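Heads up, the thing below is written out as C-alpha coordinates.
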Amino acid sequence: MDRKKITIIGGTGLVGAKLARLLAVAGHEVVAASPGTGVNSVTGLGLDEALAGAEILVDVSNAMSFDPAEVRAFFDASGRNLIRAAAAAGVKHHVVLSIVGADRMPGNGYFDGKLVQERIAAGSGLPYTIVRSAQFFEFLAAIADGYTADGVVRVSGAQFQPIAADDVAANLASIALEPPVNGIVEIAGPERRPFDLTLGRYLKMRGDARRVERDPDADYFGGRVDELSLVPLGLHRQGLQDLAIWMNAQVMPTT
(Lines give C-alpha, C1' and ligand atoms only; values in the text may rest on other atoms or scores of the structure.)
Protein backbone atom coordinates (compact mmCIF):
# COMPACT_ATOMS: atom_id res chain seq x y z
CA MET A 1 0.00 0.00 0.00
CA ASP A 2 1.15 3.52 -0.81
CA ARG A 3 1.03 5.17 2.62
CA LYS A 4 0.05 8.84 2.43
CA LYS A 5 -0.11 11.72 4.85
CA ILE A 6 -3.65 13.08 4.91
CA THR A 7 -4.71 16.20 6.79
CA ILE A 8 -8.38 16.51 7.71
CA ILE A 9 -9.65 19.98 8.60
CA GLY A 10 -12.59 19.44 10.95
CA GLY A 11 -11.08 16.07 11.75
CA THR A 12 -12.65 15.74 15.19
CA GLY A 13 -16.24 16.43 14.11
CA LEU A 14 -19.10 14.10 13.15
CA VAL A 15 -17.76 13.13 9.72
CA GLY A 16 -14.13 14.08 10.28
CA ALA A 17 -13.60 11.71 13.18
CA LYS A 18 -15.14 8.81 11.22
CA LEU A 19 -13.01 9.64 8.20
CA ALA A 20 -9.84 9.87 10.29
CA ARG A 21 -10.49 6.41 11.75
CA LEU A 22 -11.11 4.85 8.34
CA LEU A 23 -7.93 6.27 6.84
CA ALA A 24 -5.81 5.43 9.88
CA VAL A 25 -7.06 1.83 9.90
CA ALA A 26 -6.12 1.67 6.21
CA GLY A 27 -2.55 2.51 7.20
CA HIS A 28 -2.29 6.17 6.30
CA GLU A 29 -0.74 8.93 8.40
CA VAL A 30 -3.68 11.08 9.45
CA VAL A 31 -3.70 14.53 11.02
CA ALA A 32 -7.16 15.22 12.48
CA ALA A 33 -7.00 19.01 12.71
CA SER A 34 -9.46 21.28 14.48
CA PRO A 35 -9.37 24.25 16.86
CA GLY A 36 -9.38 21.73 19.71
CA THR A 37 -6.10 20.30 18.44
CA GLY A 38 -4.53 23.73 17.94
CA VAL A 39 -5.35 24.20 14.25
CA ASN A 40 -7.66 27.03 13.19
CA SER A 41 -8.33 27.40 9.48
CA VAL A 42 -10.03 30.78 9.92
CA THR A 43 -7.07 32.46 11.65
CA GLY A 44 -4.44 30.25 10.02
CA LEU A 45 -3.10 29.10 13.38
CA GLY A 46 -1.24 25.79 13.07
CA LEU A 47 -2.12 25.20 9.40
CA ASP A 48 1.43 25.09 8.06
CA GLU A 49 2.44 22.54 10.69
CA ALA A 50 -0.68 20.40 10.13
CA LEU A 51 -0.15 20.33 6.35
CA ALA A 52 3.62 19.87 6.29
CA GLY A 53 4.34 16.84 4.11
CA ALA A 54 0.64 16.16 3.38
CA GLU A 55 -0.29 14.82 -0.05
CA ILE A 56 -4.03 15.06 0.55
CA LEU A 57 -6.14 17.73 2.27
CA VAL A 58 -9.76 16.98 3.16
CA ASP A 59 -11.86 19.92 4.36
CA VAL A 60 -14.94 18.89 6.34
CA SER A 61 -15.04 22.03 8.48
CA ASN A 62 -18.30 23.63 9.59
CA ALA A 63 -19.20 27.21 10.40
CA MET A 64 -20.59 27.38 13.93
CA SER A 65 -23.27 29.86 12.93
CA PHE A 66 -26.24 30.15 10.62
CA ASP A 67 -25.96 33.92 10.20
CA PRO A 68 -25.39 34.38 6.44
CA ALA A 69 -22.67 37.01 6.81
CA GLU A 70 -20.81 35.00 9.44
CA VAL A 71 -21.02 31.79 7.39
CA ARG A 72 -19.67 33.51 4.28
CA ALA A 73 -16.87 35.12 6.28
CA PHE A 74 -15.96 31.76 7.83
CA PHE A 75 -15.72 29.86 4.54
CA ASP A 76 -13.99 32.74 2.77
CA ALA A 77 -11.24 33.09 5.40
CA SER A 78 -10.91 29.35 5.95
CA GLY A 79 -10.84 28.55 2.24
CA ARG A 80 -8.17 31.13 1.43
CA ASN A 81 -5.96 30.10 4.34
CA LEU A 82 -6.23 26.44 3.37
CA ILE A 83 -5.29 27.15 -0.24
CA ARG A 84 -2.23 29.12 0.82
CA ALA A 85 -1.04 26.44 3.23
CA ALA A 86 -1.87 23.59 0.84
CA ALA A 87 0.04 25.21 -2.02
CA ALA A 88 3.06 25.75 0.23
CA ALA A 89 2.93 22.11 1.34
CA GLY A 90 2.63 20.75 -2.19
CA VAL A 91 -0.75 19.09 -1.62
CA LYS A 92 -1.74 16.96 -4.60
CA HIS A 93 -5.46 16.56 -3.89
CA HIS A 94 -7.75 19.03 -2.12
CA VAL A 95 -11.11 17.48 -1.21
CA VAL A 96 -13.96 19.70 -0.03
CA LEU A 97 -17.17 18.41 1.55
CA SER A 98 -20.12 20.51 0.39
CA ILE A 99 -23.90 20.08 0.11
CA VAL A 100 -26.12 18.73 -2.65
CA GLY A 101 -28.10 21.63 -4.05
CA ALA A 102 -25.71 24.30 -2.77
CA ASP A 103 -26.17 26.13 -6.06
CA ARG A 104 -29.95 25.58 -6.14
CA MET A 105 -31.12 26.99 -2.81
CA PRO A 106 -31.57 30.79 -3.05
CA GLY A 107 -31.88 32.39 0.36
CA ASN A 108 -30.19 29.65 2.40
CA GLY A 109 -27.23 31.44 3.96
CA TYR A 110 -25.35 28.28 4.83
CA PHE A 111 -25.60 26.95 1.28
CA ASP A 112 -24.37 30.31 -0.01
CA GLY A 113 -21.35 30.01 2.29
CA LYS A 114 -20.57 26.55 0.93
CA LEU A 115 -20.60 27.99 -2.58
CA VAL A 116 -17.94 30.48 -1.49
CA GLN A 117 -15.87 27.56 -0.20
CA GLU A 118 -16.37 25.63 -3.45
CA ARG A 119 -15.37 28.56 -5.66
CA ILE A 120 -12.17 29.17 -3.74
CA ALA A 121 -11.15 25.52 -4.10
CA ALA A 122 -12.09 25.39 -7.79
CA GLY A 123 -10.21 28.60 -8.58
CA SER A 124 -7.08 27.81 -6.61
CA GLY A 125 -5.10 26.02 -9.29
CA LEU A 126 -4.67 23.01 -7.00
CA PRO A 127 -6.04 19.60 -8.04
CA TYR A 128 -9.39 19.26 -6.29
CA THR A 129 -12.60 17.32 -5.85
CA ILE A 130 -15.77 18.87 -4.43
CA VAL A 131 -18.01 16.26 -2.80
CA ARG A 132 -21.59 17.44 -2.53
CA SER A 133 -23.44 15.33 0.01
CA ALA A 134 -27.16 15.05 0.62
CA GLN A 135 -28.38 15.88 4.13
CA PHE A 136 -27.36 13.50 6.91
CA PHE A 137 -29.74 11.19 8.78
CA GLU A 138 -28.08 12.59 11.90
CA PHE A 139 -29.70 15.99 11.21
CA LEU A 140 -33.30 14.76 10.94
CA ALA A 141 -34.10 15.39 14.60
CA ALA A 142 -32.91 18.99 14.41
CA ILE A 143 -34.83 19.54 11.18
CA ALA A 144 -38.03 18.22 12.76
CA ASP A 145 -37.56 20.41 15.82
CA GLY A 146 -36.85 23.46 13.67
CA TYR A 147 -40.10 23.06 11.73
CA THR A 148 -42.39 22.17 14.63
CA ALA A 149 -45.16 24.58 15.59
CA ASP A 150 -48.05 23.68 17.89
CA GLY A 151 -46.94 20.06 17.88
CA VAL A 152 -47.03 19.73 14.08
CA VAL A 153 -44.02 19.47 11.78
CA ARG A 154 -44.62 21.37 8.53
CA VAL A 155 -42.09 20.80 5.77
CA SER A 156 -41.85 20.72 1.99
CA GLY A 157 -42.85 17.73 -0.10
CA ALA A 158 -39.75 18.13 -2.28
CA GLN A 159 -37.64 15.06 -2.99
CA PHE A 160 -35.20 14.07 -0.22
CA GLN A 161 -32.41 11.48 -0.22
CA PRO A 162 -30.54 11.62 3.12
CA ILE A 163 -27.35 9.70 3.83
CA ALA A 164 -25.69 8.29 6.96
CA ALA A 165 -22.59 10.10 8.23
CA ASP A 166 -20.77 6.75 8.17
CA ASP A 167 -21.44 6.49 4.44
CA VAL A 168 -20.32 10.08 3.90
CA ALA A 169 -17.02 9.26 5.60
CA ALA A 170 -16.61 6.04 3.59
CA ASN A 171 -17.16 7.87 0.31
CA LEU A 172 -14.77 10.64 1.31
CA ALA A 173 -12.11 8.08 2.20
CA SER A 174 -12.39 6.51 -1.26
CA ILE A 175 -12.53 9.80 -3.14
CA ALA A 176 -9.56 11.27 -1.27
CA LEU A 177 -7.37 8.38 -2.44
CA GLU A 178 -8.59 8.57 -6.04
CA PRO A 179 -7.20 11.00 -8.64
CA PRO A 180 -8.72 14.50 -8.40
CA VAL A 181 -11.66 15.06 -10.74
CA ASN A 182 -11.29 18.86 -10.76
CA GLY A 183 -15.04 19.00 -10.49
CA ILE A 184 -17.99 17.79 -8.43
CA VAL A 185 -18.95 14.33 -7.16
CA GLU A 186 -22.39 13.92 -5.53
CA ILE A 187 -23.31 11.40 -2.85
CA ALA A 188 -26.65 10.51 -1.28
CA GLY A 189 -28.50 7.71 0.47
CA PRO A 190 -30.09 4.74 -1.32
CA GLU A 191 -33.71 5.92 -0.86
CA ARG A 192 -35.42 8.90 -2.44
CA ARG A 193 -38.88 9.99 -1.34
CA PRO A 194 -40.71 13.23 -0.46
CA PHE A 195 -39.25 15.20 2.43
CA ASP A 196 -42.42 15.11 4.53
CA LEU A 197 -42.78 11.33 4.13
CA THR A 198 -39.15 10.75 5.08
CA LEU A 199 -39.47 12.88 8.18
CA GLY A 200 -42.79 11.28 9.15
CA ARG A 201 -41.28 7.81 8.79
CA TYR A 202 -38.29 8.81 10.88
CA LEU A 203 -40.43 10.22 13.70
CA LYS A 204 -42.66 7.13 13.72
CA MET A 205 -39.61 4.85 13.97
CA ARG A 206 -38.35 6.70 17.00
CA GLY A 207 -41.74 6.72 18.70
CA ASP A 208 -42.32 10.44 18.26
CA ALA A 209 -46.04 11.24 18.09
CA ARG A 210 -45.68 14.53 16.22
CA ARG A 211 -47.69 14.76 13.03
CA VAL A 212 -45.95 15.78 9.82
CA GLU A 213 -47.83 17.90 7.30
CA ARG A 214 -46.76 18.83 3.79
CA ASP A 215 -46.50 22.58 3.31
CA PRO A 216 -45.77 23.65 -0.28
CA ASP A 217 -44.70 27.07 0.99
CA ALA A 218 -42.21 25.76 3.56
CA ASP A 219 -38.64 26.93 3.09
CA TYR A 220 -35.47 25.08 4.02
CA PHE A 221 -33.71 27.21 6.61
CA GLY A 222 -34.46 30.34 4.63
CA GLY A 223 -33.99 28.86 1.17
CA ARG A 224 -36.65 28.38 -1.49
CA VAL A 225 -37.30 24.68 -2.09
CA ASP A 226 -38.11 23.28 -5.52
CA GLU A 227 -38.91 19.63 -6.26
CA LEU A 228 -35.26 18.65 -6.84
CA SER A 229 -33.43 21.23 -4.70
CA LEU A 230 -32.15 18.70 -2.16
CA VAL A 231 -31.25 15.67 -4.30
CA PRO A 232 -28.58 14.86 -6.89
CA LEU A 233 -29.65 15.62 -10.45
CA GLY A 234 -27.67 12.92 -12.24
CA LEU A 235 -25.16 10.17 -11.63
CA HIS A 236 -24.07 9.97 -8.01
CA ARG A 237 -22.56 7.61 -5.47
CA GLN A 238 -24.93 6.06 -2.94
CA GLY A 239 -24.41 5.10 0.66
CA LEU A 240 -25.22 1.60 1.88
CA GLN A 241 -27.53 2.46 4.78
CA ASP A 242 -31.19 3.25 4.26
CA LEU A 243 -33.25 4.85 7.01
CA ALA A 244 -34.29 1.55 8.60
CA ILE A 245 -30.73 0.22 8.76
CA TRP A 246 -29.45 3.49 10.18
CA MET A 247 -32.23 3.69 12.76
CA ASN A 248 -31.58 0.12 13.94
CA ALA A 249 -27.98 1.06 14.64
CA GLN A 250 -28.89 4.04 16.83
CA VAL A 251 -29.00 3.97 20.61
CA MET A 252 -32.31 5.60 21.36
CA PRO A 253 -32.58 7.80 24.46
CA THR A 254 -34.51 6.38 27.39
CA THR A 255 -37.30 8.36 29.02
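In the C-alpha coordinates, chains take letters A, B, ... by order of appearance, with residues numbered from 1 within each chain and ligands from 1 in the order shown.
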
Within 7 Å of segment 47-64 of chain A using only C-alpha atoms, minus same-chain residues under 2 positions, as a list in words |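 What passes the distance filter is Lys4, Lys5, Ile6, Thr7, Ile8, Ile9, Gly10, Gly16, Val31, Ala33, Val39, Asn40, Ser41, Gly44, Leu45, Val71, Phe74, Ala85, Ala86, Ala89, Gly90, Val91, Lys92, His93, His94, Val95, Val96, Leu97 and Ala176 of chain A.
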
Identify all residues of segment 73-218 of chain A in helix (DSSP H, G or I) (DSSP on the backbone) and supply them as number ranges by chain.
-> A: 73-89, 109-122, 137-146, 165-177, 195-205

Using only C-alpha atoms, the shortest atom-to-atom distance to Arg119 of chain A among A:Gly183, A:Gly151, A:Gly146, A:Gly222 belongs to A:Gly183

Best match for closeness to Ala209 of chain A among A:Pro194, A:Gly223, A:Gly234, A:Ala144, counting only C-alpha atoms =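 When distances to Ala209 of chain A are compared using only C-alpha atoms, the smallest one comes from A:Ala144.
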
Using only C-alpha atoms: which of A:Leu177, A:Ile187, A:Ala88, A:Ile83 has the shortest distance to Ala26 of chain A =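 Using only C-alpha atoms, the shortest distance to Ala26 of chain A belongs to A:Leu177.
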
If you count only C-alpha atoms, which residues fall within 8 Å of Gln135 of chain A, apart from same-chain ones fewer than 5 positions away, as JSON, numbers by chain?
-> {"A": [99, 100, 161, 162, 163, 188, 230]}

Using the selection just defined, write its residues with N, CA and C atoms as a short mmCIF file (atom, residue, chain, number, x, y, z; two decimals), in the first residue's frame.
data_model
loop_
_atom_site.label_atom_id
_atom_site.label_comp_id
_atom_site.auth_asym_id
_atom_site.auth_seq_id
_atom_site.Cartn_x
_atom_site.Cartn_y
_atom_site.Cartn_z
N ILE A 99 -22.51 20.51 -0.07
CA ILE A 99 -23.90 20.08 0.11
C ILE A 99 -24.59 19.97 -1.24
N VAL A 100 -25.30 18.86 -1.45
CA VAL A 100 -26.12 18.73 -2.65
C VAL A 100 -27.10 19.90 -2.72
N GLN A 161 -33.18 12.73 -0.08
CA GLN A 161 -32.41 11.48 -0.22
C GLN A 161 -31.26 11.47 0.80
N PRO A 162 -31.58 11.48 2.08
CA PRO A 162 -30.54 11.62 3.12
C PRO A 162 -29.58 10.43 3.17
N ILE A 163 -28.43 10.68 3.78
CA ILE A 163 -27.35 9.70 3.83
C ILE A 163 -26.79 9.63 5.25
N ALA A 188 -25.35 10.47 -1.95
CA ALA A 188 -26.65 10.51 -1.28
C ALA A 188 -26.98 9.11 -0.79
N LEU A 230 -32.93 19.36 -3.20
CA LEU A 230 -32.15 18.70 -2.16
C LEU A 230 -31.63 17.32 -2.56
#

Using DSSP on the backbone, list every residue of segment 129-228 of chain A that comes out as strand (DSSP E or B), and give them as a list in words.
->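 Written out, the strand (DSSP E or B) residues of segment 129-228 of chain A are Thr129, Ile130, Val131, Arg132, Ser133, Phe136, Thr148, Ala149, Val152, Val153, Arg154, Val155, Gln159, Phe160, Ile163, Gly183, Ile184, Val185, Glu186, Ile187, Ala188, Arg193, Pro194, Arg211, Val212, Glu213, Arg214, Tyr220 and Gly223 of chain A.
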
Selected residues, N, CA, C and O atoms, written as an mmCIF file, in the first residue's frame, please.
data_model
loop_
_atom_site.group_PDB
_atom_site.id
_atom_site.type_symbol
_atom_site.label_atom_id
_atom_site.label_comp_id
_atom_site.auth_asym_id
_atom_site.auth_seq_id
_atom_site.Cartn_x
_atom_site.Cartn_y
_atom_site.Cartn_z
ATOM 1 N N THR A 129 -11.313 17.982 -5.672
ATOM 2 C CA THR A 129 -12.605 17.323 -5.854
ATOM 3 C C THR A 129 -13.573 17.914 -4.848
ATOM 4 O O THR A 129 -13.277 17.951 -3.651
ATOM 5 N N ILE A 130 -14.705 18.400 -5.313
ATOM 6 C CA ILE A 130 -15.772 18.867 -4.427
ATOM 7 C C ILE A 130 -16.785 17.741 -4.288
ATOM 8 O O ILE A 130 -17.293 17.230 -5.294
ATOM 9 N N VAL A 131 -17.052 17.334 -3.061
ATOM 10 C CA VAL A 131 -18.009 16.262 -2.796
ATOM 11 C C VAL A 131 -19.274 16.888 -2.218
ATOM 12 O O VAL A 131 -19.276 17.374 -1.084
ATOM 13 N N ARG A 132 -20.315 16.904 -3.011
ATOM 14 C CA ARG A 132 -21.593 17.439 -2.526
ATOM 15 C C ARG A 132 -22.418 16.293 -1.964
ATOM 16 O O ARG A 132 -22.807 15.374 -2.683
ATOM 17 N N SER A 133 -22.692 16.381 -0.674
ATOM 18 C CA SER A 133 -23.440 15.333 0.011
ATOM 19 C C SER A 133 -24.876 15.768 0.260
ATOM 20 O O SER A 133 -25.148 16.939 0.562
ATOM 21 N N PHE A 136 -27.665 14.682 6.102
ATOM 22 C CA PHE A 136 -27.357 13.503 6.910
ATOM 23 C C PHE A 136 -28.589 13.037 7.688
ATOM 24 O O PHE A 136 -29.382 13.850 8.177
ATOM 25 N N THR A 148 -41.239 22.522 13.800
ATOM 26 C CA THR A 148 -42.391 22.168 14.626
ATOM 27 C C THR A 148 -43.049 23.419 15.175
ATOM 28 O O THR A 148 -42.386 24.289 15.737
ATOM 29 N N ALA A 149 -44.359 23.500 15.005
ATOM 30 C CA ALA A 149 -45.158 24.581 15.594
ATOM 31 C C ALA A 149 -46.474 23.977 16.054
ATOM 32 O O ALA A 149 -47.139 23.272 15.293
ATOM 33 N N VAL A 152 -46.966 20.237 15.447
ATOM 34 C CA VAL A 152 -47.031 19.732 14.076
ATOM 35 C C VAL A 152 -45.766 20.141 13.327
ATOM 36 O O VAL A 152 -45.323 21.284 13.422
ATOM 37 N N VAL A 153 -45.206 19.194 12.584
ATOM 38 C CA VAL A 153 -44.016 19.473 11.777
ATOM 39 C C VAL A 153 -44.476 19.769 10.357
ATOM 40 O O VAL A 153 -45.090 18.916 9.704
ATOM 41 N N ARG A 154 -44.192 20.963 9.873
ATOM 42 C CA ARG A 154 -44.619 21.366 8.535
ATOM 43 C C ARG A 154 -43.390 21.582 7.657
ATOM 44 O O ARG A 154 -42.604 22.505 7.904
ATOM 45 N N VAL A 155 -43.247 20.719 6.657
ATOM 46 C CA VAL A 155 -42.090 20.797 5.766
ATOM 47 C C VAL A 155 -42.533 20.612 4.320
ATOM 48 O O VAL A 155 -43.666 20.226 4.033
ATOM 49 N N GLN A 159 -38.365 16.321 -3.084
ATOM 50 C CA GLN A 159 -37.644 15.057 -2.985
ATOM 51 C C GLN A 159 -36.472 15.173 -2.008
ATOM 52 O O GLN A 159 -35.823 16.219 -1.918
ATOM 53 N N PHE A 160 -36.202 14.071 -1.296
ATOM 54 C CA PHE A 160 -35.203 14.069 -0.224
ATOM 55 C C PHE A 160 -34.498 12.721 -0.258
ATOM 56 O O PHE A 160 -35.135 11.680 -0.445
ATOM 57 N N ILE A 163 -28.426 10.678 3.779
ATOM 58 C CA ILE A 163 -27.348 9.702 3.832
ATOM 59 C C ILE A 163 -26.792 9.628 5.250
ATOM 60 O O ILE A 163 -26.813 10.621 5.987
ATOM 61 N N GLY A 183 -13.623 18.769 -10.290
ATOM 62 C CA GLY A 183 -15.041 18.999 -10.485
ATOM 63 C C GLY A 183 -15.809 18.481 -9.288
ATOM 64 O O GLY A 183 -15.265 18.389 -8.183
ATOM 65 N N ILE A 184 -17.066 18.125 -9.511
ATOM 66 C CA ILE A 184 -17.994 17.789 -8.427
ATOM 67 C C ILE A 184 -18.393 16.322 -8.491
ATOM 68 O O ILE A 184 -18.686 15.792 -9.566
ATOM 69 N N VAL A 185 -18.397 15.669 -7.332
ATOM 70 C CA VAL A 185 -18.951 14.329 -7.162
ATOM 71 C C VAL A 185 -20.097 14.447 -6.158
ATOM 72 O O VAL A 185 -19.933 15.087 -5.111
ATOM 73 N N GLU A 186 -21.253 13.860 -6.450
ATOM 74 C CA GLU A 186 -22.391 13.923 -5.533
ATOM 75 C C GLU A 186 -22.610 12.571 -4.865
ATOM 76 O O GLU A 186 -22.418 11.521 -5.484
ATOM 77 N N ILE A 187 -23.002 12.622 -3.588
ATOM 78 C CA ILE A 187 -23.305 11.405 -2.846
ATOM 79 C C ILE A 187 -24.644 11.585 -2.128
ATOM 80 O O ILE A 187 -25.018 12.689 -1.741
ATOM 81 N N ALA A 188 -25.347 10.475 -1.949
ATOM 82 C CA ALA A 188 -26.649 10.514 -1.280
ATOM 83 C C ALA A 188 -26.980 9.112 -0.788
ATOM 84 O O ALA A 188 -26.276 8.147 -1.082
ATOM 85 N N ARG A 193 -37.437 9.835 -1.493
ATOM 86 C CA ARG A 193 -38.882 9.986 -1.339
ATOM 87 C C ARG A 193 -39.152 11.416 -0.887
ATOM 88 O O ARG A 193 -38.233 12.138 -0.520
ATOM 89 N N PRO A 194 -40.414 11.862 -0.885
ATOM 90 C CA PRO A 194 -40.715 13.233 -0.461
ATOM 91 C C PRO A 194 -40.222 13.523 0.961
ATOM 92 O O PRO A 194 -40.251 12.653 1.835
ATOM 93 N N ARG A 211 -47.160 14.925 14.377
ATOM 94 C CA ARG A 211 -47.694 14.757 13.032
ATOM 95 C C ARG A 211 -46.881 15.592 12.046
ATOM 96 O O ARG A 211 -46.458 16.701 12.355
ATOM 97 N N VAL A 212 -46.660 15.049 10.859
ATOM 98 C CA VAL A 212 -45.948 15.781 9.816
ATOM 99 C C VAL A 212 -46.928 16.156 8.716
ATOM 100 O O VAL A 212 -47.665 15.302 8.209
ATOM 101 N N GLU A 213 -46.951 17.427 8.360
ATOM 102 C CA GLU A 213 -47.825 17.904 7.297
ATOM 103 C C GLU A 213 -46.992 18.497 6.165
ATOM 104 O O GLU A 213 -45.969 19.147 6.412
ATOM 105 N N ARG A 214 -47.433 18.250 4.952
ATOM 106 C CA ARG A 214 -46.761 18.835 3.793
ATOM 107 C C ARG A 214 -47.213 20.279 3.614
ATOM 108 O O ARG A 214 -48.406 20.559 3.533
ATOM 109 N N TYR A 220 -36.455 25.960 3.392
ATOM 110 C CA TYR A 220 -35.475 25.082 4.024
ATOM 111 C C TYR A 220 -34.398 25.973 4.619
ATOM 112 O O TYR A 220 -33.479 26.402 3.941
ATOM 113 N N GLY A 223 -34.134 29.027 2.613
ATOM 114 C CA GLY A 223 -33.994 28.856 1.172
ATOM 115 C C GLY A 223 -35.277 28.396 0.511
ATOM 116 O O GLY A 223 -36.063 27.655 1.098
#

Which of A:Ser174, A:Ser229, A:Gln250, A:Gln241 sits closest to Leu22 of chain A [using only C-alpha atoms] = A:Ser174

Which is closest to Tyr128 of chain A among A:Pro180, A:Lys18, A:Leu243, A:Pro106, if we use only C-alpha atoms?
->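 Selected residue with least distance to Tyr128 of chain A: A:Pro180.
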